[in-house]
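Undergrad: Pasting run_20.cif below, which is mmCIF, C-alpha atoms; chains and numbers go by the auth columns.
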```cif
data_upload
loop_
_atom_site.group_PDB
_atom_site.id
_atom_site.type_symbol
_atom_site.label_atom_id
_atom_site.label_comp_id
_atom_site.label_asym_id
_atom_site.label_seq_id
_atom_site.Cartn_x
_atom_site.Cartn_y
_atom_site.Cartn_z
_atom_site.B_iso_or_equiv
_atom_site.auth_seq_id
_atom_site.auth_asym_id
ATOM 1 C CA MET A 1 -92.584 -32.850 34.736 0.00 1 A
ATOM 2 C CA ALA A 2 -88.878 -32.847 35.588 0.00 2 A
ATOM 3 C CA VAL A 3 -85.742 -33.443 33.534 0.00 3 A
ATOM 4 C CA SER A 4 -82.585 -35.229 34.582 0.00 4 A
ATOM 5 C CA PHE A 5 -79.368 -35.367 32.589 0.00 5 A
ATOM 6 C CA ASP A 6 -76.623 -37.925 32.463 0.00 6 A
ATOM 7 C CA LEU A 7 -73.305 -36.171 33.067 0.00 7 A
ATOM 8 C CA PHE A 8 -70.284 -37.872 31.501 0.00 8 A
ATOM 9 C CA GLY A 9 -70.655 -38.213 27.749 0.00 9 A
ATOM 10 C CA THR A 10 -73.873 -36.200 27.757 0.00 10 A
ATOM 11 C CA LEU A 11 -73.287 -32.796 29.342 0.00 11 A
ATOM 12 C CA VAL A 12 -69.494 -32.950 29.522 0.00 12 A
ATOM 13 C CA ARG A 13 -66.526 -34.630 27.901 0.00 13 A
ATOM 14 C CA VAL A 14 -63.678 -35.751 30.138 0.00 14 A
ATOM 15 C CA ASP A 15 -60.195 -37.115 29.638 0.00 15 A
ATOM 16 C CA ARG A 16 -60.539 -40.412 31.468 0.00 16 A
ATOM 17 C CA THR A 17 -57.677 -41.985 33.389 0.00 17 A
ATOM 18 C CA GLY A 18 -56.119 -44.554 31.063 0.00 18 A
ATOM 19 C CA ASP A 19 -55.074 -46.945 33.831 0.00 19 A
ATOM 20 C CA PRO A 20 -57.142 -46.197 36.950 0.00 20 A
ATOM 21 C CA GLY A 21 -55.595 -49.003 38.988 0.00 21 A
ATOM 22 C CA ARG A 22 -52.073 -47.686 38.420 0.00 22 A
ATOM 23 C CA ALA A 23 -53.156 -44.075 39.040 0.00 23 A
ATOM 24 C CA ILE A 24 -54.692 -45.095 42.366 0.00 24 A
ATOM 25 C CA ALA A 25 -51.576 -47.112 43.274 0.00 25 A
ATOM 26 C CA ASP A 26 -49.415 -44.043 42.705 0.00 26 A
ATOM 27 C CA GLU A 27 -51.656 -41.936 44.935 0.00 27 A
ATOM 28 C CA LEU A 28 -51.663 -44.615 47.640 0.00 28 A
ATOM 29 C CA ALA A 29 -47.873 -44.824 47.560 0.00 29 A
ATOM 30 C CA SER A 30 -47.595 -41.046 47.845 0.00 30 A
ATOM 31 C CA ARG A 31 -49.594 -41.339 51.067 0.00 31 A
ATOM 32 C CA GLY A 32 -47.296 -43.913 52.597 0.00 32 A
ATOM 33 C CA VAL A 33 -49.290 -47.037 51.736 0.00 33 A
ATOM 34 C CA GLN A 34 -47.279 -50.152 50.911 0.00 34 A
ATOM 35 C CA VAL A 35 -48.901 -51.078 47.615 0.00 35 A
ATOM 36 C CA PRO A 36 -48.903 -54.865 47.033 0.00 36 A
ATOM 37 C CA ASP A 37 -46.612 -56.206 44.310 0.00 37 A
ATOM 38 C CA ASP A 38 -49.614 -57.763 42.570 0.00 38 A
ATOM 39 C CA TRP A 39 -51.779 -54.672 42.884 0.00 39 A
ATOM 40 C CA ASP A 40 -52.952 -54.825 39.274 0.00 40 A
ATOM 41 C CA ARG A 41 -54.449 -58.248 39.939 0.00 41 A
ATOM 42 C CA ALA A 42 -55.842 -57.273 43.334 0.00 42 A
ATOM 43 C CA PHE A 43 -57.498 -54.199 41.849 0.00 43 A
ATOM 44 C CA ARG A 44 -59.222 -56.269 39.154 0.00 44 A
ATOM 45 C CA GLU A 45 -60.501 -58.915 41.554 0.00 45 A
ATOM 46 C CA HIS A 46 -64.000 -58.943 43.031 0.00 46 A
ATOM 47 C CA HIS A 47 -63.908 -58.141 46.747 0.00 47 A
ATOM 48 C CA ILE A 48 -67.314 -56.860 47.843 0.00 48 A
ATOM 49 C CA ASP A 49 -70.593 -58.693 47.362 0.00 49 A
ATOM 50 C CA ALA A 50 -73.374 -56.248 46.561 0.00 50 A
ATOM 51 C CA PRO A 51 -76.992 -56.638 45.445 0.00 51 A
ATOM 52 C CA GLU A 52 -77.675 -56.571 41.730 0.00 52 A
ATOM 53 C CA GLY A 53 -77.799 -52.993 40.541 0.00 53 A
ATOM 54 C CA ALA A 54 -75.947 -51.631 43.543 0.00 54 A
ATOM 55 C CA GLU A 55 -72.930 -49.350 43.252 0.00 55 A
ATOM 56 C CA VAL A 56 -69.751 -50.219 45.139 0.00 56 A
ATOM 57 C CA PRO A 57 -67.914 -46.949 45.828 0.00 57 A
ATOM 58 C CA LEU A 58 -64.398 -47.188 44.466 0.00 58 A
ATOM 59 C CA PRO A 59 -62.720 -46.264 47.795 0.00 59 A
ATOM 60 C CA ALA A 60 -64.466 -49.236 49.430 0.00 60 A
ATOM 61 C CA HIS A 61 -63.238 -51.505 46.648 0.00 61 A
ATOM 62 C CA VAL A 62 -59.694 -50.162 46.986 0.00 62 A
ATOM 63 C CA ALA A 63 -59.681 -50.660 50.756 0.00 63 A
ATOM 64 C CA ALA A 64 -60.964 -54.218 50.321 0.00 64 A
ATOM 65 C CA ALA A 65 -58.351 -54.953 47.647 0.00 65 A
ATOM 66 C CA LEU A 66 -55.607 -53.785 50.004 0.00 66 A
ATOM 67 C CA ARG A 67 -56.993 -55.856 52.884 0.00 67 A
ATOM 68 C CA SER A 68 -57.040 -58.920 50.639 0.00 68 A
ATOM 69 C CA ARG A 69 -53.258 -58.579 50.500 0.00 69 A
ATOM 70 C CA GLY A 70 -52.878 -57.891 54.204 0.00 70 A
ATOM 71 C CA VAL A 71 -52.504 -54.115 53.868 0.00 71 A
ATOM 72 C CA GLU A 72 -54.511 -52.015 56.300 0.00 72 A
ATOM 73 C CA THR A 73 -55.003 -48.286 55.837 0.00 73 A
ATOM 74 C CA SER A 74 -55.989 -45.596 58.288 0.00 74 A
ATOM 75 C CA GLY A 75 -58.603 -42.886 58.077 0.00 75 A
ATOM 76 C CA ASN A 76 -59.778 -41.855 54.648 0.00 76 A
ATOM 77 C CA VAL A 77 -56.581 -42.723 52.794 0.00 77 A
ATOM 78 C CA PRO A 78 -58.316 -44.878 50.112 0.00 78 A
ATOM 79 C CA ARG A 79 -60.914 -42.191 49.517 0.00 79 A
ATOM 80 C CA ARG A 80 -58.338 -39.416 49.217 0.00 80 A
ATOM 81 C CA ALA A 81 -56.205 -41.528 46.881 0.00 81 A
ATOM 82 C CA VAL A 82 -59.165 -42.336 44.630 0.00 82 A
ATOM 83 C CA VAL A 83 -60.336 -38.734 44.475 0.00 83 A
ATOM 84 C CA ALA A 84 -56.823 -37.538 43.604 0.00 84 A
ATOM 85 C CA ALA A 85 -56.398 -40.232 40.920 0.00 85 A
ATOM 86 C CA PHE A 86 -59.466 -39.018 39.055 0.00 86 A
ATOM 87 C CA ASP A 87 -58.781 -35.385 38.270 0.00 87 A
ATOM 88 C CA PRO A 88 -59.768 -35.083 34.603 0.00 88 A
ATOM 89 C CA ASP A 89 -59.873 -32.176 32.218 0.00 89 A
ATOM 90 C CA VAL A 90 -63.520 -31.333 31.560 0.00 90 A
ATOM 91 C CA GLU A 91 -65.181 -29.742 28.559 0.00 91 A
ATOM 92 C CA ARG A 92 -68.837 -28.754 28.422 0.00 92 A
ATOM 93 C CA ARG A 93 -70.567 -30.219 25.391 0.00 93 A
ATOM 94 C CA GLU A 94 -72.146 -27.996 22.767 0.00 94 A
ATOM 95 C CA GLY A 95 -75.774 -27.254 23.502 0.00 95 A
ATOM 96 C CA ALA A 96 -75.602 -28.169 27.192 0.00 96 A
ATOM 97 C CA GLU A 97 -76.430 -24.718 28.527 0.00 97 A
ATOM 98 C CA ALA A 98 -79.395 -24.242 26.190 0.00 98 A
ATOM 99 C CA ALA A 99 -80.731 -27.739 26.946 0.00 99 A
ATOM 100 C CA ILE A 100 -80.577 -27.127 30.703 0.00 100 A
ATOM 101 C CA ALA A 101 -82.229 -23.716 30.372 0.00 101 A
ATOM 102 C CA ALA A 102 -85.059 -25.156 28.279 0.00 102 A
ATOM 103 C CA ALA A 103 -85.593 -27.963 30.779 0.00 103 A
ATOM 104 C CA ARG A 104 -85.768 -25.459 33.637 0.00 104 A
ATOM 105 C CA GLU A 105 -88.670 -23.698 31.933 0.00 105 A
ATOM 106 C CA LYS A 106 -90.657 -26.939 32.258 0.00 106 A
ATOM 107 C CA GLY A 107 -89.807 -27.846 35.849 0.00 107 A
ATOM 108 C CA PRO A 108 -86.998 -28.925 38.176 0.00 108 A
ATOM 109 C CA VAL A 109 -83.736 -30.124 36.630 0.00 109 A
ATOM 110 C CA GLY A 110 -81.203 -32.616 37.936 0.00 110 A
ATOM 111 C CA VAL A 111 -78.242 -34.826 37.146 0.00 111 A
ATOM 112 C CA MET A 112 -78.210 -38.611 37.489 0.00 112 A
ATOM 113 C CA SER A 113 -74.681 -39.907 36.923 0.00 113 A
ATOM 114 C CA ASN A 114 -73.117 -43.332 37.215 0.00 114 A
ATOM 115 C CA THR A 115 -69.807 -42.872 38.974 0.00 115 A
ATOM 116 C CA SER A 116 -68.159 -44.825 41.766 0.00 116 A
ATOM 117 C CA VAL A 117 -65.704 -41.986 42.469 0.00 117 A
ATOM 118 C CA PRO A 118 -66.707 -39.579 45.252 0.00 118 A
ATOM 119 C CA GLU A 119 -66.648 -35.873 44.371 0.00 119 A
ATOM 120 C CA LEU A 120 -66.002 -36.523 40.680 0.00 120 A
ATOM 121 C CA ALA A 121 -69.402 -35.307 39.473 0.00 121 A
ATOM 122 C CA ARG A 122 -69.244 -32.179 41.624 0.00 122 A
ATOM 123 C CA ARG A 123 -65.760 -31.281 40.408 0.00 123 A
ATOM 124 C CA ALA A 124 -66.710 -31.924 36.791 0.00 124 A
ATOM 125 C CA LEU A 125 -69.709 -29.621 37.101 0.00 125 A
ATOM 126 C CA ILE A 126 -67.573 -26.897 38.654 0.00 126 A
ATOM 127 C CA ARG A 127 -65.024 -27.123 35.848 0.00 127 A
ATOM 128 C CA ALA A 128 -67.771 -27.059 33.229 0.00 128 A
ATOM 129 C CA ASP A 129 -69.239 -23.952 34.897 0.00 129 A
ATOM 130 C CA LEU A 130 -72.456 -25.858 35.641 0.00 130 A
ATOM 131 C CA ALA A 131 -72.172 -26.118 39.412 0.00 131 A
ATOM 132 C CA ASP A 132 -75.260 -23.981 40.077 0.00 132 A
ATOM 133 C CA ALA A 133 -77.359 -25.197 37.165 0.00 133 A
ATOM 134 C CA PHE A 134 -79.262 -27.999 38.905 0.00 134 A
ATOM 135 C CA ASP A 135 -81.816 -28.516 41.639 0.00 135 A
ATOM 136 C CA ALA A 136 -80.301 -31.899 42.479 0.00 136 A
ATOM 137 C CA VAL A 137 -77.155 -33.836 41.604 0.00 137 A
ATOM 138 C CA VAL A 138 -77.419 -37.557 42.287 0.00 138 A
ATOM 139 C CA THR A 139 -74.666 -40.096 41.666 0.00 139 A
ATOM 140 C CA SER A 140 -74.664 -43.853 41.890 0.00 140 A
ATOM 141 C CA ALA A 141 -71.973 -43.631 44.567 0.00 141 A
ATOM 142 C CA GLY A 142 -74.202 -41.305 46.550 0.00 142 A
ATOM 143 C CA CYS A 143 -77.553 -43.085 46.224 0.00 143 A
ATOM 144 C CA GLY A 144 -76.162 -46.628 46.097 0.00 144 A
ATOM 145 C CA TRP A 145 -77.693 -47.697 42.772 0.00 145 A
ATOM 146 C CA ARG A 146 -76.360 -47.654 39.214 0.00 146 A
ATOM 147 C CA LYS A 147 -78.394 -46.922 36.122 0.00 147 A
ATOM 148 C CA PRO A 148 -80.255 -48.766 34.616 0.00 148 A
ATOM 149 C CA ASP A 149 -81.551 -49.888 38.024 0.00 149 A
ATOM 150 C CA THR A 150 -84.874 -48.148 38.521 0.00 150 A
ATOM 151 C CA ARG A 151 -83.889 -47.192 42.065 0.00 151 A
ATOM 152 C CA ALA A 152 -81.296 -44.812 40.640 0.00 152 A
ATOM 153 C CA PHE A 153 -84.011 -42.937 38.750 0.00 153 A
ATOM 154 C CA GLU A 154 -86.330 -43.079 41.745 0.00 154 A
ATOM 155 C CA ALA A 155 -83.592 -41.398 43.766 0.00 155 A
ATOM 156 C CA VAL A 156 -83.233 -38.428 41.427 0.00 156 A
ATOM 157 C CA ALA A 157 -87.003 -38.152 40.936 0.00 157 A
ATOM 158 C CA ASN A 158 -87.438 -38.025 44.707 0.00 158 A
ATOM 159 C CA ARG A 159 -84.831 -35.273 44.996 0.00 159 A
ATOM 160 C CA LEU A 160 -86.652 -33.320 42.281 0.00 160 A
ATOM 161 C CA GLY A 161 -90.017 -33.778 43.981 0.00 161 A
ATOM 162 C CA VAL A 162 -91.734 -35.771 41.231 0.00 162 A
ATOM 163 C CA GLU A 163 -92.784 -39.332 40.559 0.00 163 A
ATOM 164 C CA PRO A 164 -90.419 -41.331 38.307 0.00 164 A
ATOM 165 C CA ALA A 165 -93.152 -41.461 35.663 0.00 165 A
ATOM 166 C CA ALA A 166 -92.947 -37.654 35.393 0.00 166 A
ATOM 167 C CA LEU A 167 -89.202 -37.738 34.693 0.00 167 A
ATOM 168 C CA VAL A 168 -87.554 -37.235 31.299 0.00 168 A
ATOM 169 C CA HIS A 169 -83.970 -38.492 31.395 0.00 169 A
ATOM 170 C CA VAL A 170 -81.456 -37.317 28.805 0.00 170 A
ATOM 171 C CA GLY A 171 -78.396 -39.459 28.175 0.00 171 A
ATOM 172 C CA ASP A 172 -76.059 -41.096 25.698 0.00 172 A
ATOM 173 C CA ASP A 173 -76.339 -44.756 26.720 0.00 173 A
ATOM 174 C CA PRO A 174 -79.568 -46.538 25.739 0.00 174 A
ATOM 175 C CA GLU A 175 -78.799 -49.442 28.054 0.00 175 A
ATOM 176 C CA ALA A 176 -77.983 -47.442 31.190 0.00 176 A
ATOM 177 C CA ASP A 177 -79.897 -44.204 30.664 0.00 177 A
ATOM 178 C CA GLY A 178 -82.757 -45.996 28.959 0.00 178 A
ATOM 179 C CA GLY A 179 -83.485 -47.660 32.302 0.00 179 A
ATOM 180 C CA ILE A 180 -85.741 -44.695 33.075 0.00 180 A
ATOM 181 C CA GLU A 181 -88.384 -46.382 30.947 0.00 181 A
ATOM 182 C CA GLY A 182 -88.503 -49.247 33.437 0.00 182 A
ATOM 183 C CA ALA A 183 -89.427 -46.680 36.076 0.00 183 A
ATOM 184 C CA GLY A 184 -92.220 -45.307 33.903 0.00 184 A
ATOM 185 C CA GLY A 185 -90.401 -42.214 32.656 0.00 185 A
ATOM 186 C CA ARG A 186 -89.037 -41.300 29.245 0.00 186 A
ATOM 187 C CA PHE A 187 -85.585 -41.455 27.701 0.00 187 A
ATOM 188 C CA VAL A 188 -84.098 -38.963 25.244 0.00 188 A
ATOM 189 C CA ASP A 189 -81.009 -40.285 23.473 0.00 189 A
ATOM 190 C CA VAL A 190 -78.568 -37.477 22.650 0.00 190 A
ATOM 191 C CA THR A 191 -77.129 -39.553 19.824 0.00 191 A
ATOM 192 C CA GLU A 192 -80.522 -39.139 18.130 0.00 192 A
ATOM 193 C CA THR A 193 -81.652 -35.819 19.626 0.00 193 A
ATOM 194 C CA PRO A 194 -78.542 -33.701 20.257 0.00 194 A
ATOM 195 C CA LEU A 195 -78.502 -31.295 23.191 0.00 195 A
ATOM 196 C CA ALA A 196 -78.896 -28.372 20.807 0.00 196 A
ATOM 197 C CA SER A 197 -82.162 -29.929 19.576 0.00 197 A
ATOM 198 C CA PHE A 198 -83.529 -30.761 23.011 0.00 198 A
ATOM 199 C CA PRO A 199 -85.334 -27.405 23.499 0.00 199 A
ATOM 200 C CA ALA A 200 -87.315 -28.091 20.325 0.00 200 A
ATOM 201 C CA TRP A 201 -87.991 -31.643 21.526 0.00 201 A
ATOM 202 C CA LEU A 202 -89.483 -30.253 24.726 0.00 202 A
ATOM 203 C CA GLU A 203 -91.678 -27.799 22.883 0.00 203 A
ATOM 204 C CA ALA A 204 -92.917 -30.452 20.463 0.00 204 A
ATOM 205 C CA ASP A 205 -93.499 -32.864 23.325 0.00 205 A
ATOM 206 C CA GLU A 206 -95.583 -30.289 25.139 0.00 206 A
ATOM 207 C CA GLU A 207 -97.703 -29.850 22.021 0.00 207 A
ATOM 208 C CA GLY A 208 -98.169 -33.579 21.577 0.00 208 A
ATOM 209 C CA ARG A 209 -95.636 -34.056 18.803 0.00 209 A
ATOM 210 C CA ARG A 210 -92.607 -36.348 18.828 0.00 210 A
ATOM 211 C CA PRO A 211 -89.655 -34.859 16.926 0.00 211 A
ATOM 212 C CA SER A 212 -86.742 -36.972 15.806 0.00 212 A
ATOM 213 C CA GLY A 213 -83.111 -35.978 16.182 0.00 213 A
ATOM 214 C CA ASP A 214 -82.915 -34.983 12.490 0.00 214 A
ATOM 215 C CA ASP A 215 -85.867 -32.618 12.480 0.00 215 A
ATOM 216 C CA ALA A 216 -86.192 -31.553 16.097 0.00 216 A
ATOM 217 C CA ASP A 217 -85.418 -27.943 15.225 0.00 217 A
ATOM 218 C CA GLY A 218 -88.499 -27.483 13.124 0.00 218 A
ATOM 219 C CA VAL A 219 -91.262 -30.059 13.402 0.00 219 A
ATOM 220 C CA THR A 220 -94.661 -29.162 12.026 0.00 220 A
ATOM 221 C CA GLY A 221 -96.176 -32.589 11.481 0.00 221 A
ATOM 222 C CA PRO A 222 -98.751 -34.308 13.723 0.00 222 A
#
```
Just dump the structure as structure tokens.
TA:
Amino acid sequence: MAVSFDLFGTLVRVDRTGDPGRAIADELASRGVQVPDDWDRAFREHHIDAPEGAEVPLPAHVAAALRSRGVETSGNVPRRAVVAAFDPDVERREGAEAAIAAAREKGPVGVMSNTSVPELARRALIRADLADAFDAVVTSAGCGWRKPDTRAFEAVANRLGVEPAALVHVGDDPEADGGIEGAGGRFVDVTETPLASFPAWLEADEEGRRPSGDDADGVTGP
């Protein structure tokens, strides 16, 4: 058995950039890029064809949006601009540390996060003082697939050394995080079983019981 956690909205809260396109434009301009006059439109347009379920890293999208307006960039300017534009305040959610510790008692523990922004997950974990808490941190930008695509869960399961069917994934989005069930694993919804109740869920699960979010702290029934 292994446990993976969603990151944003599950383990941590972040102050998201209100207007990512404008924030990226400002960072591009600060690096000497001539931002197109219709950047807002260019940023919203589709520029890269990708297979269903695939993640398009945001720097690649930004570079393609610029090229669509005849603007070429050098080196890693789009990547550096994107990384700088997403620099949120991070707060660890209540119960996160206890949930991770309980999961570690059962086996390897990882993170599977949907994010198209390079380095964002790593920086969020550092700021939440969780940088050393996991055996593997997998992002959609890194593995190429977004939850609920089963290949995203296969990627984190592989990093944790288990089959996807042996993976319990904890998250806050039944549509995205619930995709683990398509890979044969199990989903724990933190809106029903809060992080603080997850240790009890694990214990009950091990004993063959299935606690709900309301009574996960003290289940005695069959």
Undergrad: I need the output of the PyMOL selection byres ((chain A and resi 154) around 12) for this file as a ChimeraX atom specification; which residues are they?
TA: /A:4,112,138,140,143-153,155-167,169,179-185
Undergrad: Measuring between all atoms listed in the file, which one of A:Val111, A:Val12, A:Arg79, A:Ile48 shows the shortest distance to Asp129 in chain A?
TA: A:Val12
Undergrad: What does the PyMOL selection byres ((chain A and resi 186-197) around 7) select in this file, as an mmCIF file with C-alpha atoms, in the frame of the given file?
TA:
```cif
data_model
loop_
_atom_site.group_PDB
_atom_site.id
_atom_site.type_symbol
_atom_site.label_atom_id
_atom_site.label_comp_id
_atom_site.auth_asym_id
_atom_site.auth_seq_id
_atom_site.Cartn_x
_atom_site.Cartn_y
_atom_site.Cartn_z
ATOM 1 C CA GLY A 95 -75.774 -27.254 23.502
ATOM 2 C CA ALA A 96 -75.602 -28.169 27.192
ATOM 3 C CA ALA A 98 -79.395 -24.242 26.190
ATOM 4 C CA ALA A 99 -80.731 -27.739 26.946
ATOM 5 C CA LEU A 167 -89.202 -37.738 34.693
ATOM 6 C CA VAL A 168 -87.554 -37.235 31.299
ATOM 7 C CA HIS A 169 -83.970 -38.492 31.395
ATOM 8 C CA VAL A 170 -81.456 -37.317 28.805
ATOM 9 C CA GLY A 171 -78.396 -39.459 28.175
ATOM 10 C CA ASP A 172 -76.059 -41.096 25.698
ATOM 11 C CA PRO A 174 -79.568 -46.538 25.739
ATOM 12 C CA ASP A 177 -79.897 -44.204 30.664
ATOM 13 C CA GLY A 178 -82.757 -45.996 28.959
ATOM 14 C CA ILE A 180 -85.741 -44.695 33.075
ATOM 15 C CA GLU A 181 -88.384 -46.382 30.947
ATOM 16 C CA GLY A 184 -92.220 -45.307 33.903
ATOM 17 C CA GLY A 185 -90.401 -42.214 32.656
ATOM 18 C CA PHE A 198 -83.529 -30.761 23.011
ATOM 19 C CA PRO A 199 -85.334 -27.405 23.499
ATOM 20 C CA ALA A 200 -87.315 -28.091 20.325
ATOM 21 C CA TRP A 201 -87.991 -31.643 21.526
ATOM 22 C CA SER A 212 -86.742 -36.972 15.806
ATOM 23 C CA GLY A 213 -83.111 -35.978 16.182
ATOM 24 C CA ALA A 216 -86.192 -31.553 16.097
ATOM 25 C CA ASP A 217 -85.418 -27.943 15.225
#
```
Undergrad: Which of these, A:Ala2, A:Leu202, A:Arg123, A:Val117, has the shortest distance to Ala85 in chain A once you count all atoms listed in the file?
TA: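 Among A:Ala2, A:Leu202, A:Arg123, A:Val117, it is A:Val117 that comes nearest to Ala85 in chain A.
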Undergrad: Please determine an axis-aligned box that encloses all atoms of range 107-123 of chain A listed in the file, with 5 Å added on each side, and express its centre and edge lengths in Å to one decimal as AutoDock Vina command-line options.
TA:
```
--center_x -77.8 --center_y -36.3 --center_z 40.6 --size_x 34.1 --size_y 27.0 --size_z 19.4
```
Undergrad: For the structure shown, which residues end up in the PyMOL selection byres ((chain A and resi 77) around 9)? Put them as a list in words, please?
TA: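 For this structure, the PyMOL selection byres ((chain A and resi 77) around 9) captures Leu28, Arg31, Val33, Pro59, Ala63, Thr73, Ser74, Gly75, Asn76, Pro78, Arg79, Arg80, Ala81 and Val82 of chain A.
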Undergrad: The residues within 9 Å of (-67.4, -31.6, 28.1), using only C-alpha atoms and the coordinates of the file, should be reported as a CSV table (one decimal) with C-alpha atoms, keeping the file's coordinate frame; which are they?
TA:
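Done, and the output landed in part.csv:
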```
chain,number,residue,atom,x,y,z
A,7,LEU,CA,-73.3,-36.2,33.1
A,8,PHE,CA,-70.3,-37.9,31.5
A,9,GLY,CA,-70.7,-38.2,27.7
A,10,THR,CA,-73.9,-36.2,27.8
A,11,LEU,CA,-73.3,-32.8,29.3
A,12,VAL,CA,-69.5,-33.0,29.5
A,13,ARG,CA,-66.5,-34.6,27.9
A,14,VAL,CA,-63.7,-35.8,30.1
A,89,ASP,CA,-59.9,-32.2,32.2
A,90,VAL,CA,-63.5,-31.3,31.6
A,91,GLU,CA,-65.2,-29.7,28.6
A,92,ARG,CA,-68.8,-28.8,28.4
A,93,ARG,CA,-70.6,-30.2,25.4
A,94,GLU,CA,-72.1,-28.0,22.8
A,96,ALA,CA,-75.6,-28.2,27.2
A,124,ALA,CA,-66.7,-31.9,36.8
A,128,ALA,CA,-67.8,-27.1,33.2
```
Undergrad: At what distance in Å, to one decimal, does CA of Glu55 in chain A lie from CA of Asn114 in chain A?
TA: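 Distance reported for this atom pair: 8.5 Å.
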Undergrad: Closest to His46 in chain A among A:Ala29, A:Ala64, A:Ala102, A:Ala136, using all atoms listed in the file?
TA: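 Result for the nearest residue to His46 in chain A: A:Ala64.
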Undergrad: Find, counting all atoms listed in the file, the residue in A:Glu52, A:Glu119, A:Glu72, A:Glu206 that gets nearest to Ala103 in chain A.
TA: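 That would be A:Glu206, the residue with the smallest distance to Ala103 in chain A.
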Undergrad: So what do you get for CA of Pro51 in chain A versus CA of Asp6 in chain A, distance-wise?
TA: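 That distance, rounded to one decimal, is 22.8 Å.
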Undergrad: As an exercise, work out the distance from CA of Gly142 in chain A to CA of Asp173 in chain A in Å and give it to one decimal place.
TA: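 Atom-to-atom, CA of Gly142 in chain A and CA of Asp173 in chain A are spaced 20.2 Å apart.
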